[in-house]
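The file protein.cif contains mmCIF, C-alpha atoms:
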data_structure
loop_
_atom_site.label_atom_id
_atom_site.label_comp_id
_atom_site.auth_asym_id
_atom_site.auth_seq_id
_atom_site.Cartn_x
_atom_site.Cartn_y
_atom_site.Cartn_z
CA MET A 38 0.00 0.00 0.00
CA ALA A 39 1.56 3.26 -1.19
CA ILE A 40 0.73 6.59 0.29
CA GLU A 41 0.60 9.44 -2.20
CA ILE A 42 1.62 12.84 -0.88
CA GLY A 43 0.45 14.90 -3.82
CA HIS A 44 2.78 16.70 -6.15
CA SER A 45 5.15 18.16 -3.56
CA ASN A 46 8.83 17.49 -3.90
CA LEU A 47 10.24 16.23 -0.63
CA PHE A 48 13.87 16.34 -1.67
CA TYR A 49 14.32 19.77 -3.22
CA PRO A 50 13.04 23.17 -2.16
CA PRO A 51 10.65 24.87 -4.57
CA PRO A 52 12.43 27.01 -7.17
CA CYS A 53 12.70 30.72 -6.47
CA PRO A 54 10.86 32.98 -8.83
CA PRO A 55 13.29 35.03 -10.99
CA GLU A 56 12.23 38.28 -9.37
CA ALA A 57 13.21 36.97 -5.91
CA VAL A 58 16.87 36.49 -6.89
CA GLN A 59 18.64 39.79 -7.24
CA VAL A 60 22.26 39.79 -8.31
CA ARG A 61 23.92 43.13 -7.94
CA PRO A 62 26.98 43.59 -10.10
CA GLN A 63 30.01 44.70 -8.17
CA LEU A 64 31.34 48.08 -9.22
CA PRO A 65 34.95 48.21 -10.41
CA ALA A 66 37.39 49.46 -7.79
CA PRO A 67 39.39 52.65 -8.29
CA TRP A 68 43.16 52.54 -8.82
CA THR A 69 45.09 52.96 -5.57
CA THR A 70 47.12 55.82 -7.06
CA GLY A 71 46.38 58.37 -9.72
CA LEU A 72 47.71 58.33 -13.26
CA PHE A 73 49.93 61.35 -12.66
CA ASP A 74 51.31 60.30 -9.25
CA CYS A 75 54.54 59.17 -10.93
CA CYS A 76 56.76 60.88 -8.39
CA ASP A 77 55.34 58.74 -5.57
CA ASP A 78 58.02 56.23 -6.61
CA VAL A 79 60.88 58.33 -8.00
CA GLY A 80 63.12 55.34 -8.70
CA ASN A 81 60.52 53.62 -10.86
CA CYS A 82 59.64 56.93 -12.51
CA CYS A 83 63.26 57.42 -13.64
CA VAL A 84 63.59 53.82 -14.87
CA THR A 85 60.30 54.09 -16.77
CA CYS A 86 61.22 57.43 -18.38
CA PHE A 87 64.64 56.26 -19.62
CA CYS A 88 63.95 52.56 -20.26
CA PRO A 89 60.21 51.73 -20.24
CA CYS A 90 60.91 48.20 -21.48
CA ILE A 91 62.18 47.27 -17.98
CA THR A 92 59.04 48.44 -16.21
CA PHE A 93 56.82 46.90 -18.88
CA GLY A 94 58.64 43.57 -18.61
CA GLN A 95 58.19 43.49 -14.84
CA ILE A 96 54.47 44.28 -15.14
CA ALA A 97 53.90 41.75 -17.92
CA GLU A 98 55.58 38.92 -16.00
CA ILE A 99 53.29 39.44 -13.00
CA VAL A 100 50.14 39.94 -15.09
CA ASP A 101 50.92 36.82 -17.16
CA HIS A 102 51.61 34.81 -13.97
CA GLY A 103 55.14 34.04 -15.08
CA SER A 104 54.24 32.44 -18.41
CA ILE A 105 56.45 35.05 -20.13
CA THR A 106 59.61 36.27 -18.42
CA CYS A 107 60.40 39.88 -17.70
CA GLY A 108 63.28 39.81 -20.17
CA ALA A 109 61.23 38.35 -23.01
CA SER A 110 58.36 40.80 -22.49
CA GLY A 111 60.72 43.76 -22.20
CA ALA A 112 62.64 42.71 -25.32
CA LEU A 113 59.43 42.35 -27.33
CA TYR A 114 58.28 45.77 -26.10
CA ALA A 115 61.61 47.31 -27.15
CA LEU A 116 61.45 45.60 -30.55
CA ILE A 117 57.92 46.89 -31.18
CA LEU A 118 59.03 50.36 -30.06
CA CYS A 119 62.04 50.40 -32.42
CA VAL A 120 60.31 48.85 -35.45
CA THR A 121 56.83 50.40 -35.38
CA GLY A 122 56.75 52.96 -32.57
CA CYS A 123 53.35 51.53 -31.56
CA ASN A 124 54.45 50.05 -28.26
CA CYS A 125 51.45 51.71 -26.60
CA LEU A 126 49.09 49.34 -28.43
CA TYR A 127 50.96 46.36 -26.98
CA SER A 128 51.12 47.77 -23.45
CA CYS A 129 47.44 48.81 -23.39
CA PHE A 130 46.56 45.13 -23.80
CA TYR A 131 48.34 44.41 -20.51
CA ARG A 132 46.60 47.30 -18.77
CA SER A 133 43.25 45.81 -19.82
CA LYS A 134 44.33 42.36 -18.66
CA MET A 135 45.48 43.73 -15.30
CA ARG A 136 42.24 45.65 -14.82
CA GLY A 137 40.32 42.44 -15.45
CA GLN A 138 42.38 40.49 -12.91
CA PHE A 139 41.97 43.07 -10.14
CA PHE A 140 38.57 44.42 -11.23
CA LEU A 141 39.81 47.99 -11.62
CA GLU A 142 37.86 50.76 -13.25
CA GLU A 143 38.80 52.02 -16.69
CA SER A 144 39.86 55.53 -15.76
CA PRO A 145 40.54 58.32 -16.45
CA CYS A 146 39.66 57.09 -19.96
CA GLY A 147 40.09 54.00 -22.15
CA ASP A 148 43.19 51.84 -21.76
CA CYS A 149 44.56 52.53 -25.24
CA VAL A 150 44.00 56.29 -24.90
CA VAL A 151 45.83 56.29 -21.56
CA HIS A 152 48.78 54.40 -23.02
CA CYS A 153 48.89 56.38 -26.29
CA CYS A 154 48.81 59.77 -24.52
CA CYS A 155 50.77 59.01 -21.33
CA GLU A 156 52.73 55.77 -21.81
CA SER A 157 55.23 56.43 -19.01
CA CYS A 158 52.55 57.55 -16.54
CA ALA A 159 50.41 54.50 -17.34
CA LEU A 160 53.32 52.09 -16.79
CA CYS A 161 54.24 53.82 -13.52
CA GLN A 162 50.63 53.59 -12.31
CA GLU A 163 50.42 49.89 -13.15
CA TYR A 164 53.76 49.27 -11.41
CA ARG A 165 52.56 51.11 -8.27
CA GLU A 166 49.25 49.20 -8.31
CA LEU A 167 51.01 45.84 -8.33
CA LYS A 168 53.41 47.03 -5.64
CA THR A 169 50.49 48.21 -3.48
CA ARG A 170 48.87 44.79 -3.89
CA GLY A 171 51.93 43.16 -2.34
CA PHE A 172 54.05 42.21 -5.35
CA ASP A 173 57.78 42.85 -5.39
CA LEU A 174 58.30 43.38 -9.09
CA HIS A 175 62.08 42.93 -8.80
CA LEU A 176 61.52 39.30 -7.74
CA GLY A 177 59.35 38.34 -10.70
CA TRP A 178 56.47 35.88 -10.58
CA GLN A 179 58.41 32.89 -9.22
CA GLY A 180 60.13 35.01 -6.57
CA ASN A 181 56.77 36.34 -5.38
CA LEU A 182 55.38 32.80 -5.19
CA MET A 183 58.35 31.62 -3.13
CA ARG A 184 58.06 34.65 -0.83
CA GLN A 185 54.35 33.94 -0.35
CA ARG A 186 55.02 30.28 0.50
CA MET A 187 57.63 31.27 3.07
CA MET A 188 55.14 33.58 4.79
CA LEU A 189 52.45 30.88 5.12
CA PRO A 190 52.33 29.00 8.42
CA PRO A 191 53.44 25.36 8.22
CA THR A 192 50.72 22.76 7.78
CA VAL A 193 50.13 20.39 10.67
CA GLU A 194 48.94 16.86 10.10
CA ARG A 195 46.05 15.78 12.27
CA GLY A 196 45.90 12.51 14.13
CA MET A 197 48.44 10.39 15.87
CA SER A 198 51.33 8.75 14.12
CA ARG A 199 53.92 6.26 15.29
#

Whole structure given in structure tokens:
Amino acid sequence: MAIEIGHSNLFYPPPCPPEAVQVRPQLPAPWTTGLFDCCDDVGNCCVTCFCPCITFGQIAEIVDHGSITCGASGALYALILCVTGCNCLYSCFYRSKMRGQFFLEESPCGDCVVHCCCESCALCQEYRELKTRGFDLHLGWQGNLMRQRMMLPPTVERGMSR
């Protein structure tokens, strides 16, 4: 003898109507420093003004999670600069990628406009942003990973062992 309980589902809650679920998109965060705050880090400002390929290489290695080394990225940047002079189009791609990773707002204007008008300022701002977020750009991606592992507390196995 089977007992019928109607059409109710005992295992799953009833579905929520679409109007009951409200997903609010998170607003992009502002940059931690302004585009023209280059002199906040005078050393990086000087390096970027005289040899932007170094700063770009350091940024690209961190943004690419070490898949391309600082030297390779910097050399490609220098090659594009010498051959075409359109290095800003290459570097604006990395600004967009970095903004996506850290959910930063596109300000003060579009990424390509920022890089085409103020290449040095844009690279300095990106460098400072990564530095503010805890990266040591002189160590590269692998060096930052090793530093992070050293700062983590050791794991402890649970249970008794003999």

Around all the atoms of stretch 97-109 of chain A listed in the file, with 4 Å of room on each side, what axis-aligned box do you get, giving centre and edge lengths in Å to one decimal, as lines of an AutoDock Vina configuration file?
center_x = 56.7
center_y = 37.1
center_z = -18.0
size_x = 21.1
size_y = 17.3
size_z = 18.0

Take atom CA of A:Cys149 and atom CA of A:Phe73 and report the distance between them in Å, one decimal.
16.3 Å

Expected selection from the PyMOL selection byres ((chain A and resi 153) around 9), given as a PDB file with C-alpha atoms, keeping the file's coordinate frame:
ATOM      1  CA  CYS A 123      53.350  51.530 -31.560  1.00  0.00           C
ATOM      2  CA  ASN A 124      54.450  50.050 -28.260  1.00  0.00           C
ATOM      3  CA  CYS A 125      51.450  51.710 -26.600  1.00  0.00           C
ATOM      4  CA  LEU A 126      49.090  49.340 -28.430  1.00  0.00           C
ATOM      5  CA  CYS A 129      47.440  48.810 -23.390  1.00  0.00           C
ATOM      6  CA  ASP A 148      43.190  51.840 -21.760  1.00  0.00           C
ATOM      7  CA  CYS A 149      44.560  52.530 -25.240  1.00  0.00           C
ATOM      8  CA  VAL A 150      44.000  56.290 -24.900  1.00  0.00           C
ATOM      9  CA  VAL A 151      45.830  56.290 -21.560  1.00  0.00           C
ATOM     10  CA  HIS A 152      48.780  54.400 -23.020  1.00  0.00           C
ATOM     11  CA  CYS A 154      48.810  59.770 -24.520  1.00  0.00           C
ATOM     12  CA  CYS A 155      50.770  59.010 -21.330  1.00  0.00           C
ATOM     13  CA  GLU A 156      52.730  55.770 -21.810  1.00  0.00           C
TER      14      GLU A 156
END

I would like the residues chosen by the PyMOL selection byres ((chain A and resi 168) around 12) on the shown file; could you give them as JSON, numbers by chain?
{"A": [69, 70, 77, 78, 81, 95, 96, 99, 161, 162, 163, 164, 165, 166, 167, 169, 170, 171, 172, 173, 174, 175, 176, 177, 181]}

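If you apply the PyMOL selection byres ((chain A and resi 67) around 6) to this structure, you end up with Ala66, Trp68, Leu141 and Glu142 of chain A.
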
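Computed from the coordinates, the atom CA of A:Phe93 to atom CA of A:Gly111 distance equals 6.0 Å.
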
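Of note, atom CA of A:Gln179 and atom CA of A:Gly103 are spaced 6.8 Å apart.
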
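Proximity to A:Ser133 was assessed for A:Thr92, A:Val100, A:Ile105, A:Leu113 counting all atoms listed in the file; the smallest distance is recorded for A:Val100.
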
Can you pull out every residue within 8 Å of A:Glu98, counting only C-alpha atoms, but drop anything in the same chain fewer than 6 positions away, and send it as a PyMOL selection string?
chain A and resi 104-107+110+177-178

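Candidate residues A:Tyr127, A:His102, A:Arg136, A:Ala115 were compared for distance to A:Pro65, and the nearest is A:Arg136, using all atoms listed in the file.
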
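Nearest residue to A:Ala112 among A:Leu182, A:Ala159, A:Cys86, A:Ile91 is A:Ile91, counting all atoms listed in the file.
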
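Using all atoms listed in the file, the contacts of A:Cys158 at a cut-off of 8 Å, with sequence neighbours closer than 5 positions omitted, comprise Leu72, Phe73, Asp74 and Cys75 of chain A.
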